[in-house]
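Participant: Have a peek at structure_9.cif (mmCIF, C-alpha atoms; chains and numbers go by the auth columns).
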```cif
data_run
#
loop_
_atom_site.group_PDB
_atom_site.id
_atom_site.type_symbol
_atom_site.label_atom_id
_atom_site.label_comp_id
_atom_site.label_asym_id
_atom_site.label_seq_id
_atom_site.Cartn_x
_atom_site.Cartn_y
_atom_site.Cartn_z
_atom_site.B_iso_or_equiv
_atom_site.auth_seq_id
_atom_site.auth_asym_id
ATOM 1 C CA MET A 1 290.448 257.188 -98.537 0.00 1 A
ATOM 2 C CA SER A 2 290.021 256.512 -94.816 0.00 2 A
ATOM 3 C CA TYR A 3 286.678 258.330 -95.040 0.00 3 A
ATOM 4 C CA ILE A 4 285.386 255.800 -97.555 0.00 4 A
ATOM 5 C CA TYR A 5 286.606 252.868 -95.444 0.00 5 A
ATOM 6 C CA SER A 6 284.897 254.321 -92.347 0.00 6 A
ATOM 7 C CA PHE A 7 281.720 254.877 -94.326 0.00 7 A
ATOM 8 C CA ILE A 8 281.682 251.323 -95.646 0.00 8 A
ATOM 9 C CA PHE A 9 282.484 249.663 -92.299 0.00 9 A
ATOM 10 C CA ALA A 10 279.816 251.541 -90.304 0.00 10 A
ATOM 11 C CA GLY A 11 277.331 251.145 -93.154 0.00 11 A
ATOM 12 C CA VAL A 12 277.833 247.392 -93.432 0.00 12 A
ATOM 13 C CA VAL A 13 277.454 246.881 -89.657 0.00 13 A
ATOM 14 C CA CYS A 14 274.169 248.839 -89.703 0.00 14 A
ATOM 15 C CA LEU A 15 273.026 246.933 -92.799 0.00 15 A
ATOM 16 C CA ILE A 16 273.597 243.583 -91.035 0.00 16 A
ATOM 17 C CA ALA A 17 271.601 244.856 -88.040 0.00 17 A
ATOM 18 C CA GLU A 18 268.757 245.991 -90.308 0.00 18 A
ATOM 19 C CA ILE A 19 268.684 242.608 -92.077 0.00 19 A
ATOM 20 C CA ILE A 20 268.468 240.803 -88.708 0.00 20 A
ATOM 21 C CA LEU A 21 265.763 243.248 -87.559 0.00 21 A
ATOM 22 C CA ASN A 22 263.595 242.727 -90.638 0.00 22 A
ATOM 23 C CA ASN A 23 263.872 238.965 -90.897 0.00 23 A
ATOM 24 C CA THR A 24 263.592 237.836 -87.271 0.00 24 A
ATOM 25 C CA ASN A 25 261.435 238.699 -84.272 0.00 25 A
ATOM 26 C CA LEU A 26 264.321 240.337 -82.406 0.00 26 A
ATOM 27 C CA LYS A 27 263.842 243.875 -81.084 0.00 27 A
ATOM 28 C CA PRO A 28 266.507 246.627 -81.406 0.00 28 A
ATOM 29 C CA GLY A 29 267.488 245.988 -77.756 0.00 29 A
ATOM 30 C CA HIS A 30 268.302 242.348 -78.521 0.00 30 A
ATOM 31 C CA ILE A 31 270.347 243.282 -81.566 0.00 31 A
ATOM 32 C CA ILE A 32 272.417 245.891 -79.692 0.00 32 A
ATOM 33 C CA CYS A 33 273.280 243.294 -76.991 0.00 33 A
ATOM 34 C CA LEU A 34 274.097 240.738 -79.686 0.00 34 A
ATOM 35 C CA PHE A 35 276.455 243.170 -81.395 0.00 35 A
ATOM 36 C CA VAL A 36 278.202 244.068 -78.130 0.00 36 A
ATOM 37 C CA ILE A 37 278.822 240.363 -77.433 0.00 37 A
ATOM 38 C CA PHE A 38 279.992 239.984 -81.022 0.00 38 A
ATOM 39 C CA GLY A 39 282.457 242.858 -80.515 0.00 39 A
ATOM 40 C CA SER A 40 284.141 241.247 -77.534 0.00 40 A
ATOM 41 C CA MET A 41 284.107 237.881 -79.320 0.00 41 A
ATOM 42 C CA LEU A 42 285.970 239.398 -82.277 0.00 42 A
ATOM 43 C CA ASP A 43 288.505 240.872 -79.887 0.00 43 A
ATOM 44 C CA THR A 44 289.351 237.457 -78.395 0.00 44 A
ATOM 45 C CA PHE A 45 291.713 236.799 -81.295 0.00 45 A
ATOM 46 C CA LYS A 46 292.448 240.492 -81.994 0.00 46 A
ATOM 47 C CA ILE A 47 290.343 240.598 -85.152 0.00 47 A
ATOM 48 C CA TYR A 48 288.710 243.869 -84.121 0.00 48 A
ATOM 49 C CA ASP A 49 292.149 245.470 -83.740 0.00 49 A
ATOM 50 C CA PHE A 50 292.742 244.656 -87.371 0.00 50 A
ATOM 51 C CA PHE A 51 289.469 246.401 -88.291 0.00 51 A
ATOM 52 C CA GLN A 52 290.393 249.421 -86.193 0.00 52 A
ATOM 53 C CA ASP A 53 293.804 249.776 -87.837 0.00 53 A
ATOM 54 C CA ASN A 54 292.355 249.588 -91.330 0.00 54 A
ATOM 55 C CA PHE A 55 288.920 251.223 -91.195 0.00 55 A
ATOM 56 C CA GLY A 56 289.507 254.269 -88.963 0.00 56 A
ATOM 57 C CA ALA A 57 287.028 255.905 -86.628 0.00 57 A
ATOM 58 C CA GLY A 58 284.012 254.181 -88.196 0.00 58 A
ATOM 59 C CA THR A 59 284.909 251.185 -86.016 0.00 59 A
ATOM 60 C CA SER A 60 284.797 253.308 -82.839 0.00 60 A
ATOM 61 C CA ILE A 61 281.326 254.743 -83.308 0.00 61 A
ATOM 62 C CA VAL A 62 279.402 251.478 -83.746 0.00 62 A
ATOM 63 C CA ILE A 63 278.295 249.719 -80.554 0.00 63 A
ATOM 64 C CA THR A 64 280.523 246.666 -81.229 0.00 64 A
ATOM 65 C CA SER A 65 283.478 248.795 -80.110 0.00 65 A
ATOM 66 C CA PHE A 66 281.967 248.814 -76.607 0.00 66 A
ATOM 67 C CA GLY A 67 282.719 245.127 -76.042 0.00 67 A
ATOM 68 C CA HIS A 68 286.068 245.544 -77.746 0.00 68 A
ATOM 69 C CA LEU A 69 287.077 248.471 -75.499 0.00 69 A
ATOM 70 C CA ILE A 70 286.133 246.590 -72.324 0.00 70 A
ATOM 71 C CA MET A 71 288.414 243.734 -73.410 0.00 71 A
ATOM 72 C CA HIS A 72 291.194 246.224 -74.115 0.00 72 A
ATOM 73 C CA GLY A 73 290.780 247.849 -70.700 0.00 73 A
ATOM 74 C CA ALA A 74 290.902 244.439 -69.024 0.00 74 A
ATOM 75 C CA PHE A 75 294.156 243.564 -70.771 0.00 75 A
ATOM 76 C CA LEU A 76 295.664 246.964 -69.929 0.00 76 A
ATOM 77 C CA GLY A 77 294.955 245.983 -66.310 0.00 77 A
ATOM 78 C CA VAL A 78 296.617 242.602 -66.875 0.00 78 A
ATOM 79 C CA LYS A 79 299.669 244.384 -68.242 0.00 79 A
ATOM 80 C CA GLN A 80 299.865 246.629 -65.180 0.00 80 A
ATOM 81 C CA SER A 81 299.243 244.219 -62.307 0.00 81 A
ATOM 82 C CA GLY A 82 298.866 240.661 -63.551 0.00 82 A
ATOM 83 C CA PHE A 83 295.695 238.667 -63.183 0.00 83 A
ATOM 84 C CA ILE A 84 294.304 240.904 -60.386 0.00 84 A
ATOM 85 C CA GLY A 85 294.258 243.767 -62.866 0.00 85 A
ATOM 86 C CA PHE A 86 291.927 241.833 -65.148 0.00 86 A
ATOM 87 C CA LEU A 87 288.702 242.851 -63.394 0.00 87 A
ATOM 88 C CA ASN A 88 290.233 246.113 -62.229 0.00 88 A
ATOM 89 C CA GLY A 89 290.672 247.453 -65.725 0.00 89 A
ATOM 90 C CA PHE A 90 287.298 246.660 -67.338 0.00 90 A
ATOM 91 C CA PHE A 91 286.227 250.296 -67.612 0.00 91 A
ATOM 92 C CA ASN A 92 289.605 251.838 -68.441 0.00 92 A
ATOM 93 C CA TYR A 93 288.520 252.993 -71.889 0.00 93 A
ATOM 94 C CA THR A 94 284.716 252.873 -71.798 0.00 94 A
ATOM 95 C CA THR A 95 284.247 255.377 -68.942 0.00 95 A
ATOM 96 C CA VAL A 96 284.141 258.299 -71.353 0.00 96 A
ATOM 97 C CA GLY A 97 281.072 256.954 -73.176 0.00 97 A
ATOM 98 C CA ILE A 98 279.209 255.910 -70.035 0.00 98 A
ATOM 99 C CA SER A 99 280.009 259.060 -68.013 0.00 99 A
ATOM 100 C CA ALA A 100 279.157 261.404 -70.879 0.00 100 A
ATOM 101 C CA THR A 101 275.884 259.557 -71.463 0.00 101 A
ATOM 102 C CA ILE A 102 274.890 259.733 -67.779 0.00 102 A
ATOM 103 C CA VAL A 103 275.762 263.427 -67.422 0.00 103 A
ATOM 104 C CA PHE A 104 274.062 264.560 -70.624 0.00 104 A
ATOM 105 C CA ALA A 105 271.019 262.349 -70.018 0.00 105 A
ATOM 106 C CA PHE A 106 270.605 263.834 -66.534 0.00 106 A
ATOM 107 C CA ILE A 107 270.994 267.428 -67.733 0.00 107 A
ATOM 108 C CA THR A 108 268.591 266.836 -70.628 0.00 108 A
ATOM 109 C CA SER A 109 265.961 265.294 -68.353 0.00 109 A
ATOM 110 C CA ILE A 110 266.084 268.415 -66.150 0.00 110 A
ATOM 111 C CA LEU A 111 265.992 270.920 -69.015 0.00 111 A
ATOM 112 C CA PHE A 112 263.323 269.248 -71.170 0.00 112 A
ATOM 113 C CA LYS A 113 259.962 267.628 -70.497 0.00 113 A
ATOM 114 C CA ALA A 114 258.831 264.289 -71.980 0.00 114 A
ATOM 115 C CA LYS A 115 256.700 264.885 -75.059 0.00 115 A
ATOM 116 C CA ASN A 116 254.221 262.031 -74.627 0.00 116 A
ATOM 117 C CA MET B 1 235.071 235.227 -88.811 0.00 117 B
ATOM 118 C CA THR B 2 237.896 233.207 -87.251 0.00 118 B
ATOM 119 C CA LYS B 3 241.165 234.692 -86.179 0.00 119 B
ATOM 120 C CA GLU B 4 243.012 233.130 -89.123 0.00 120 B
ATOM 121 C CA GLU B 5 240.659 234.609 -91.686 0.00 121 B
ATOM 122 C CA TYR B 6 241.021 237.983 -90.041 0.00 122 B
ATOM 123 C CA ASN B 7 244.810 237.717 -90.168 0.00 123 B
ATOM 124 C CA ASN B 8 244.716 236.718 -93.844 0.00 124 B
ATOM 125 C CA ILE B 9 242.631 239.756 -94.727 0.00 125 B
ATOM 126 C CA CYS B 10 244.949 241.937 -92.651 0.00 126 B
ATOM 127 C CA ASP B 11 247.993 240.643 -94.520 0.00 127 B
ATOM 128 C CA LYS B 12 246.353 241.429 -97.861 0.00 128 B
ATOM 129 C CA VAL B 13 245.266 244.940 -96.930 0.00 129 B
ATOM 130 C CA MET B 14 248.334 246.069 -94.960 0.00 130 B
ATOM 131 C CA PRO B 15 250.740 248.084 -97.116 0.00 131 B
ATOM 132 C CA LYS B 16 254.005 246.187 -97.477 0.00 132 B
ATOM 133 C CA GLU B 17 257.051 248.350 -96.863 0.00 133 B
ATOM 134 C CA SER B 18 259.852 247.305 -99.131 0.00 134 B
ATOM 135 C CA HIS B 19 262.833 245.846 -97.266 0.00 135 B
ATOM 136 C CA LEU B 20 265.274 247.116 -99.854 0.00 136 B
ATOM 137 C CA LYS B 21 264.462 250.743 -99.098 0.00 137 B
ATOM 138 C CA ARG B 22 265.089 250.199 -95.389 0.00 138 B
ATOM 139 C CA TYR B 23 268.387 248.441 -96.101 0.00 139 B
ATOM 140 C CA VAL B 24 269.590 251.314 -98.281 0.00 140 B
ATOM 141 C CA ILE B 25 268.586 253.934 -95.678 0.00 141 B
ATOM 142 C CA SER B 26 270.323 251.998 -92.869 0.00 142 B
ATOM 143 C CA PHE B 27 273.484 251.508 -94.883 0.00 143 B
ATOM 144 C CA PHE B 28 273.605 255.146 -95.903 0.00 144 B
ATOM 145 C CA ILE B 29 272.837 256.654 -92.474 0.00 145 B
ATOM 146 C CA GLY B 30 275.188 254.215 -90.685 0.00 146 B
ATOM 147 C CA GLY B 31 277.896 255.010 -93.181 0.00 147 B
ATOM 148 C CA LEU B 32 277.303 258.709 -92.705 0.00 148 B
ATOM 149 C CA MET B 33 277.831 258.287 -88.953 0.00 149 B
ATOM 150 C CA GLY B 34 281.139 256.519 -89.660 0.00 150 B
ATOM 151 C CA PHE B 35 282.117 259.311 -92.062 0.00 151 B
ATOM 152 C CA VAL B 36 281.309 262.026 -89.493 0.00 152 B
ATOM 153 C CA ALA B 37 283.277 260.119 -86.832 0.00 153 B
ATOM 154 C CA GLU B 38 286.333 259.917 -89.084 0.00 154 B
ATOM 155 C CA LEU B 39 285.993 263.580 -90.068 0.00 155 B
ATOM 156 C CA LEU B 40 285.766 264.833 -86.466 0.00 156 B
ATOM 157 C CA THR B 41 288.646 262.587 -85.357 0.00 157 B
ATOM 158 C CA ASN B 42 290.875 263.849 -88.164 0.00 158 B
ATOM 159 C CA ILE B 43 290.007 267.475 -87.372 0.00 159 B
ATOM 160 C CA PHE B 44 290.948 266.978 -83.700 0.00 160 B
ATOM 161 C CA ILE B 45 294.211 265.251 -84.603 0.00 161 B
ATOM 162 C CA ASN B 46 295.292 267.754 -87.257 0.00 162 B
ATOM 163 C CA TYR B 47 294.042 271.090 -85.904 0.00 163 B
ATOM 164 C CA PHE B 48 293.897 270.594 -82.103 0.00 164 B
ATOM 165 C CA TYR B 49 296.973 268.313 -81.885 0.00 165 B
ATOM 166 C CA LEU B 50 295.266 265.713 -79.701 0.00 166 B
ATOM 167 C CA SER B 51 296.351 262.066 -79.521 0.00 167 B
ATOM 168 C CA TYR B 52 294.294 259.444 -81.365 0.00 168 B
ATOM 169 C CA ASN B 53 292.624 258.124 -78.194 0.00 169 B
ATOM 170 C CA ASP B 54 291.742 261.630 -76.970 0.00 170 B
ATOM 171 C CA SER B 55 290.288 262.527 -80.372 0.00 171 B
ATOM 172 C CA ILE B 56 288.090 259.423 -80.307 0.00 172 B
ATOM 173 C CA SER B 57 286.896 260.315 -76.773 0.00 173 B
ATOM 174 C CA LEU B 58 286.085 263.911 -77.725 0.00 174 B
ATOM 175 C CA MET B 59 284.271 262.717 -80.861 0.00 175 B
ATOM 176 C CA LEU B 60 282.141 260.322 -78.783 0.00 176 B
ATOM 177 C CA ILE B 61 281.340 263.104 -76.275 0.00 177 B
ATOM 178 C CA ILE B 62 280.185 265.431 -79.055 0.00 178 B
ATOM 179 C CA VAL B 63 278.033 262.753 -80.729 0.00 179 B
ATOM 180 C CA ILE B 64 276.453 261.796 -77.377 0.00 180 B
ATOM 181 C CA PHE B 65 275.819 265.472 -76.533 0.00 181 B
ATOM 182 C CA ILE B 66 274.038 266.135 -79.832 0.00 182 B
ATOM 183 C CA THR B 67 271.980 262.943 -79.464 0.00 183 B
ATOM 184 C CA SER B 68 270.875 263.870 -75.931 0.00 184 B
ATOM 185 C CA ILE B 69 269.783 267.360 -76.981 0.00 185 B
ATOM 186 C CA LEU B 70 267.879 266.050 -80.021 0.00 186 B
ATOM 187 C CA THR B 71 266.190 263.412 -77.837 0.00 187 B
ATOM 188 C CA GLY B 72 265.173 266.120 -75.366 0.00 188 B
ATOM 189 C CA LEU B 73 263.662 268.156 -78.186 0.00 189 B
ATOM 190 C CA GLY B 74 261.725 265.072 -79.350 0.00 190 B
ATOM 191 C CA VAL B 75 263.317 265.043 -82.804 0.00 191 B
ATOM 192 C CA PHE B 76 265.377 261.883 -82.373 0.00 192 B
ATOM 193 C CA ASP B 77 262.443 259.485 -81.910 0.00 193 B
ATOM 194 C CA ASN B 78 261.168 260.352 -85.377 0.00 194 B
ATOM 195 C CA LEU B 79 264.653 260.048 -86.846 0.00 195 B
ATOM 196 C CA VAL B 80 265.119 256.548 -85.380 0.00 196 B
ATOM 197 C CA GLU B 81 261.783 255.477 -86.830 0.00 197 B
ATOM 198 C CA ILE B 82 262.890 256.559 -90.305 0.00 198 B
ATOM 199 C CA CYS B 83 266.529 255.446 -90.185 0.00 199 B
ATOM 200 C CA GLY B 84 266.200 252.190 -88.226 0.00 200 B
ATOM 201 C CA ALA B 85 269.474 250.393 -87.590 0.00 201 B
ATOM 202 C CA GLY B 86 271.469 253.283 -89.040 0.00 202 B
ATOM 203 C CA LEU B 87 270.878 255.218 -85.826 0.00 203 B
ATOM 204 C CA PHE B 88 270.549 252.608 -83.078 0.00 204 B
ATOM 205 C CA ILE B 89 273.715 250.630 -83.863 0.00 205 B
ATOM 206 C CA PRO B 90 276.121 253.599 -83.523 0.00 206 B
ATOM 207 C CA ILE B 91 276.705 255.017 -80.010 0.00 207 B
ATOM 208 C CA THR B 92 273.695 257.294 -80.656 0.00 208 B
ATOM 209 C CA GLY B 93 271.389 254.353 -79.846 0.00 209 B
ATOM 210 C CA PHE B 94 272.921 253.932 -76.394 0.00 210 B
ATOM 211 C CA ALA B 95 272.702 257.663 -75.659 0.00 211 B
ATOM 212 C CA HIS B 96 269.147 257.857 -77.005 0.00 212 B
ATOM 213 C CA SER B 97 267.802 254.990 -74.886 0.00 213 B
ATOM 214 C CA THR B 98 269.452 256.334 -71.715 0.00 214 B
ATOM 215 C CA THR B 99 268.188 259.881 -72.275 0.00 215 B
ATOM 216 C CA SER B 100 264.659 258.807 -73.144 0.00 216 B
ATOM 217 C CA SER B 101 264.319 256.668 -70.006 0.00 217 B
ATOM 218 C CA ALA B 102 265.664 259.566 -67.906 0.00 218 B
ATOM 219 C CA LEU B 103 263.094 261.896 -69.509 0.00 219 B
ATOM 220 C CA GLU B 104 260.268 259.430 -69.093 0.00 220 B
ATOM 221 C CA TYR B 105 260.824 258.759 -65.379 0.00 221 B
ATOM 222 C CA ARG B 106 261.594 262.399 -64.508 0.00 222 B
ATOM 223 C CA LYS B 107 258.077 262.860 -63.115 0.00 223 B
ATOM 224 C CA GLU B 108 258.572 260.109 -60.498 0.00 224 B
ATOM 225 C CA GLY B 109 261.299 262.110 -58.759 0.00 225 B
ATOM 226 C CA PHE B 110 265.057 262.337 -58.774 0.00 226 B
ATOM 227 C CA ILE B 111 265.965 259.256 -56.729 0.00 227 B
ATOM 228 C CA PHE B 112 263.296 256.668 -57.529 0.00 228 B
ATOM 229 C CA GLY B 113 262.529 258.157 -60.941 0.00 229 B
ATOM 230 C CA ILE B 114 265.688 259.144 -62.787 0.00 230 B
ATOM 231 C CA GLY B 115 268.108 257.412 -60.417 0.00 231 B
ATOM 232 C CA SER B 116 266.481 253.995 -60.494 0.00 232 B
ATOM 233 C CA ASN B 117 265.418 253.941 -64.112 0.00 233 B
ATOM 234 C CA ILE B 118 268.107 255.765 -66.097 0.00 234 B
ATOM 235 C CA PHE B 119 269.614 252.439 -67.253 0.00 235 B
ATOM 236 C CA LYS B 120 266.283 250.688 -67.689 0.00 236 B
ATOM 237 C CA LEU B 121 266.781 250.229 -71.453 0.00 237 B
ATOM 238 C CA SER B 122 270.537 250.554 -71.901 0.00 238 B
ATOM 239 C CA GLY B 123 271.668 248.688 -68.763 0.00 239 B
ATOM 240 C CA SER B 124 271.500 245.398 -70.651 0.00 240 B
ATOM 241 C CA VAL B 125 274.192 246.677 -73.017 0.00 241 B
ATOM 242 C CA ILE B 126 276.600 247.282 -70.122 0.00 242 B
ATOM 243 C CA LEU B 127 275.685 243.973 -68.457 0.00 243 B
ATOM 244 C CA TYR B 128 276.266 241.835 -71.538 0.00 244 B
ATOM 245 C CA ALA B 129 279.393 243.790 -72.523 0.00 245 B
ATOM 246 C CA VAL B 130 280.923 243.077 -69.097 0.00 246 B
ATOM 247 C CA VAL B 131 279.807 239.446 -68.801 0.00 247 B
ATOM 248 C CA SER B 132 280.819 238.477 -72.344 0.00 248 B
ATOM 249 C CA SER B 133 284.146 240.301 -71.996 0.00 249 B
ATOM 250 C CA PHE B 134 284.804 238.432 -68.756 0.00 250 B
ATOM 251 C CA PHE B 135 284.400 235.031 -70.381 0.00 251 B
ATOM 252 C CA PHE B 136 286.058 235.870 -73.693 0.00 252 B
ATOM 253 C CA GLY B 137 288.844 237.647 -71.796 0.00 253 B
ATOM 254 C CA LEU B 138 289.380 234.540 -69.682 0.00 254 B
ATOM 255 C CA ILE B 139 289.688 232.466 -72.868 0.00 255 B
ATOM 256 C CA ARG B 140 292.148 234.958 -74.340 0.00 256 B
ATOM 257 C CA TYR B 141 294.169 235.077 -71.114 0.00 257 B
ATOM 258 C CA LEU B 142 294.455 231.303 -70.971 0.00 258 B
ATOM 259 C CA LEU B 143 295.258 230.891 -74.670 0.00 259 B
ATOM 260 C CA LEU B 144 297.363 233.945 -75.501 0.00 260 B
ATOM 261 C CA GLU B 145 298.430 235.242 -72.060 0.00 261 B
ATOM 262 C CA ILE B 146 297.727 238.863 -73.164 0.00 262 B
#
```
Give the structure from this file in structure tokens form.

Facilitator:
Amino acid sequence: MSYIYSFIFAGVVCLIAEIILNNTNLKPGHIICLFVIFGSMLDTFKIYDFFQDNFGAGTSIVITSFGHLIMHGAFLGVKQSGFIGFLNGFFNYTTVGISATIVFAFITSILFKAKN
Amino acid sequence: MTKEEYNNICDKVMPKESHLKRYVISFFIGGLMGFVAELLTNIFINYFYLSYNDSISLMLIIVIFITSILTGLGVFDNLVEICGAGLFIPITGFAHSTTSSALEYRKEGFIFGIGSNIFKLSGSVILYAVVSSFFFGLIRYLLLEI
């Protein structure tokens, strides 16, 4: 059942993005930034946590989880060392995505040549 | 012929791609990404005995790795054109834009090519994630204390 929930959540998020893309002048870059901001906005009142508990890993693969994870890292920092930890903990959870992207992008750019 | 007349003729002649088809493709491909994410996470939890957070991390690493390789081979650009939002809203979009700018600026050298431009397209995602989280986090800290 969790597979169906994941499918529907990720599908609906992509569908909303496609609707925005087709009906406005926004480029994919704008929409990705909009969704990231939307993710951290939803986490302000812990709405995204509710999604994550109920819809499984489909919530982690869409880009909205990026804003959500930064908020979570910040509040892990707050838990550890009070208000100073707020800025300290921003990348607690998101490092894996960013580091993996940098490493694989670098390796790929050495191994392959640009097509056009 | 004025510009307006030209545009009118263009609108008549240009083939109109149906929006519905694009919506269905996006929904299906996006959903498929969610399905694959859930499948991989469950496999890691049940067969490799990893914790939930570690399984999510490993799943993201694998998805990013596959995306980078496909971008290097030149396959992913075509896929994004067909699938639209189904492929740029999942983490694949972030990995794809980073890898393609690294590939594109490879010829300008390692420092001023790859080094300076690797986040040319995807840097805005990190910037707005951090800035928005700062302000929303401040609101949450003041209202809820945690």

Participant: Could you tell me, as a list in words, which residues have any atom at most 9 Å from (263.1, 253.5, -64.0), counting all atoms listed in the file?

Facilitator: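 Returned residue set, sorted by chain then number, is Ser217, Ala218, Glu220, Tyr221, Glu224, Phe228, Gly229, Ile230, Gly231, Ser232, Asn233, Ile234, Phe235, Lys236 and Leu237 of chain B.
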
Participant: With only C-alpha atoms counted and 7 Å as the cut-off, give the residues of chain A in contact with chain B, each with its shortest interatomic distance in Å and the pair that gives it, as a Markdown table.

Facilitator:
```
| residue | atom | partner | partner_atom | distance |
| --- | --- | --- | --- | --- |
| A:Tyr3 | CA | B:Phe151 | CA | 5.5 |
| A:Ser6 | CA | B:Gly150 | CA | 5.1 |
| A:Phe7 | CA | B:Gly147 | CA | 4.0 |
| A:Ile8 | CA | B:Gly147 | CA | 5.8 |
| A:Ala10 | CA | B:Gly147 | CA | 4.9 |
| A:Gly11 | CA | B:Gly147 | CA | 3.9 |
| A:Val12 | CA | B:Phe143 | CA | 6.2 |
| A:Cys14 | CA | B:Gly202 | CA | 5.2 |
| A:Leu15 | CA | B:Phe143 | CA | 5.0 |
| A:Ala17 | CA | B:Ala201 | CA | 5.9 |
| A:Glu18 | CA | B:Ala201 | CA | 5.2 |
| A:Ile32 | CA | B:Ile205 | CA | 6.4 |
| A:Cys33 | CA | B:Val241 | CA | 5.3 |
| A:Val36 | CA | B:Ala245 | CA | 5.7 |
| A:Ile37 | CA | B:Ser248 | CA | 5.8 |
| A:Ser40 | CA | B:Ser249 | CA | 5.6 |
| A:Met41 | CA | B:Phe252 | CA | 6.3 |
| A:Thr44 | CA | B:Arg256 | CA | 5.5 |
| A:Gly56 | CA | B:Glu154 | CA | 6.5 |
| A:Ala57 | CA | B:Glu154 | CA | 4.8 |
| A:Gly58 | CA | B:Gly150 | CA | 4.0 |
| A:Ile61 | CA | B:Pro206 | CA | 5.3 |
| A:Val62 | CA | B:Pro206 | CA | 3.9 |
| A:Ile63 | CA | B:Pro206 | CA | 5.3 |
| A:Phe66 | CA | B:Ala245 | CA | 7.0 |
| A:Gly67 | CA | B:Ala245 | CA | 5.0 |
| A:Ile70 | CA | B:Ser249 | CA | 6.6 |
| A:Met71 | CA | B:Ser249 | CA | 5.7 |
| A:Phe75 | CA | B:Ile262 | CA | 6.4 |
| A:Val96 | CA | B:Ser173 | CA | 6.4 |
| A:Gly97 | CA | B:Leu176 | CA | 6.6 |
| A:Ala100 | CA | B:Ile177 | CA | 6.1 |
| A:Thr101 | CA | B:Ala211 | CA | 5.6 |
| A:Phe104 | CA | B:Ser184 | CA | 6.2 |
| A:Ala105 | CA | B:Thr215 | CA | 4.4 |
| A:Phe106 | CA | B:Ala218 | CA | 6.7 |
| A:Thr108 | CA | B:Gly188 | CA | 5.9 |
| A:Ser109 | CA | B:Leu219 | CA | 4.6 |
| A:Phe112 | CA | B:Gly188 | CA | 5.6 |
| A:Lys113 | CA | B:Leu219 | CA | 6.6 |
| A:Ala114 | CA | B:Leu219 | CA | 5.5 |
| A:Lys115 | CA | B:Gly190 | CA | 6.6 |
```

Participant: Need the shell around A:Gly77: protein/DNA/RNA residues with any atom at most 12 Å away, counting all atoms listed in the file. Skip same-chain ones fewer than 5 positions apart. Format as a list in words?

Facilitator: Ile70, Met71, His72, Gly82, Phe83, Ile84, Gly85, Phe86, Leu87, Asn88, Gly89, Phe90, Phe91, Asn92 and Tyr93 of chain A; Gly253, Tyr257 and Ile262 of chain B

Participant: On this structure, the PyMOL selection byres ((chain A and resi 48) around 12) would catch which residues? List them as a PyMOL selection string, sorted by chain and number.

Facilitator: chain A and resi 9+38-47+49-56+59-60+64-69+71-72

Participant: Emit the selected residues as a PDB file, keeping the file's coordinate frame, including C-alpha atoms.

Facilitator:
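Saved as part-v4.pdb:
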```pdb
ATOM      1  CA  PHE A   9     282.484 249.663 -92.299  1.00  0.00           C
ATOM      2  CA  PHE A  38     279.992 239.984 -81.022  1.00  0.00           C
ATOM      3  CA  GLY A  39     282.457 242.858 -80.515  1.00  0.00           C
ATOM      4  CA  SER A  40     284.141 241.247 -77.534  1.00  0.00           C
ATOM      5  CA  MET A  41     284.107 237.881 -79.320  1.00  0.00           C
ATOM      6  CA  LEU A  42     285.970 239.398 -82.277  1.00  0.00           C
ATOM      7  CA  ASP A  43     288.505 240.872 -79.887  1.00  0.00           C
ATOM      8  CA  THR A  44     289.351 237.457 -78.395  1.00  0.00           C
ATOM      9  CA  PHE A  45     291.713 236.799 -81.295  1.00  0.00           C
ATOM     10  CA  LYS A  46     292.448 240.492 -81.994  1.00  0.00           C
ATOM     11  CA  ILE A  47     290.343 240.598 -85.152  1.00  0.00           C
ATOM     12  CA  ASP A  49     292.149 245.470 -83.740  1.00  0.00           C
ATOM     13  CA  PHE A  50     292.742 244.656 -87.371  1.00  0.00           C
ATOM     14  CA  PHE A  51     289.469 246.401 -88.291  1.00  0.00           C
ATOM     15  CA  GLN A  52     290.393 249.421 -86.193  1.00  0.00           C
ATOM     16  CA  ASP A  53     293.804 249.776 -87.837  1.00  0.00           C
ATOM     17  CA  ASN A  54     292.355 249.588 -91.330  1.00  0.00           C
ATOM     18  CA  PHE A  55     288.920 251.223 -91.195  1.00  0.00           C
ATOM     19  CA  GLY A  56     289.507 254.269 -88.963  1.00  0.00           C
ATOM     20  CA  THR A  59     284.909 251.185 -86.016  1.00  0.00           C
ATOM     21  CA  SER A  60     284.797 253.308 -82.839  1.00  0.00           C
ATOM     22  CA  THR A  64     280.523 246.666 -81.229  1.00  0.00           C
ATOM     23  CA  SER A  65     283.478 248.795 -80.110  1.00  0.00           C
ATOM     24  CA  PHE A  66     281.967 248.814 -76.607  1.00  0.00           C
ATOM     25  CA  GLY A  67     282.719 245.127 -76.042  1.00  0.00           C
ATOM     26  CA  HIS A  68     286.068 245.544 -77.746  1.00  0.00           C
ATOM     27  CA  LEU A  69     287.077 248.471 -75.499  1.00  0.00           C
ATOM     28  CA  MET A  71     288.414 243.734 -73.410  1.00  0.00           C
ATOM     29  CA  HIS A  72     291.194 246.224 -74.115  1.00  0.00           C
TER      30      HIS A  72
END
```

Participant: Atom CA of A:Val13 and atom CA of A:His30, how far apart in Å?

Facilitator: 15.1 Å

Participant: What's the separation between atom CA of B:Leu166 and atom CA of A:Ile4, in Å to one decimal place?

Facilitator: 22.7 Å

Participant: What does the structure give for the distance between atom CA of A:Asn23 and atom CA of B:Met117, in Å to one decimal?

Facilitator: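 These two atoms are separated by 29.1 Å.
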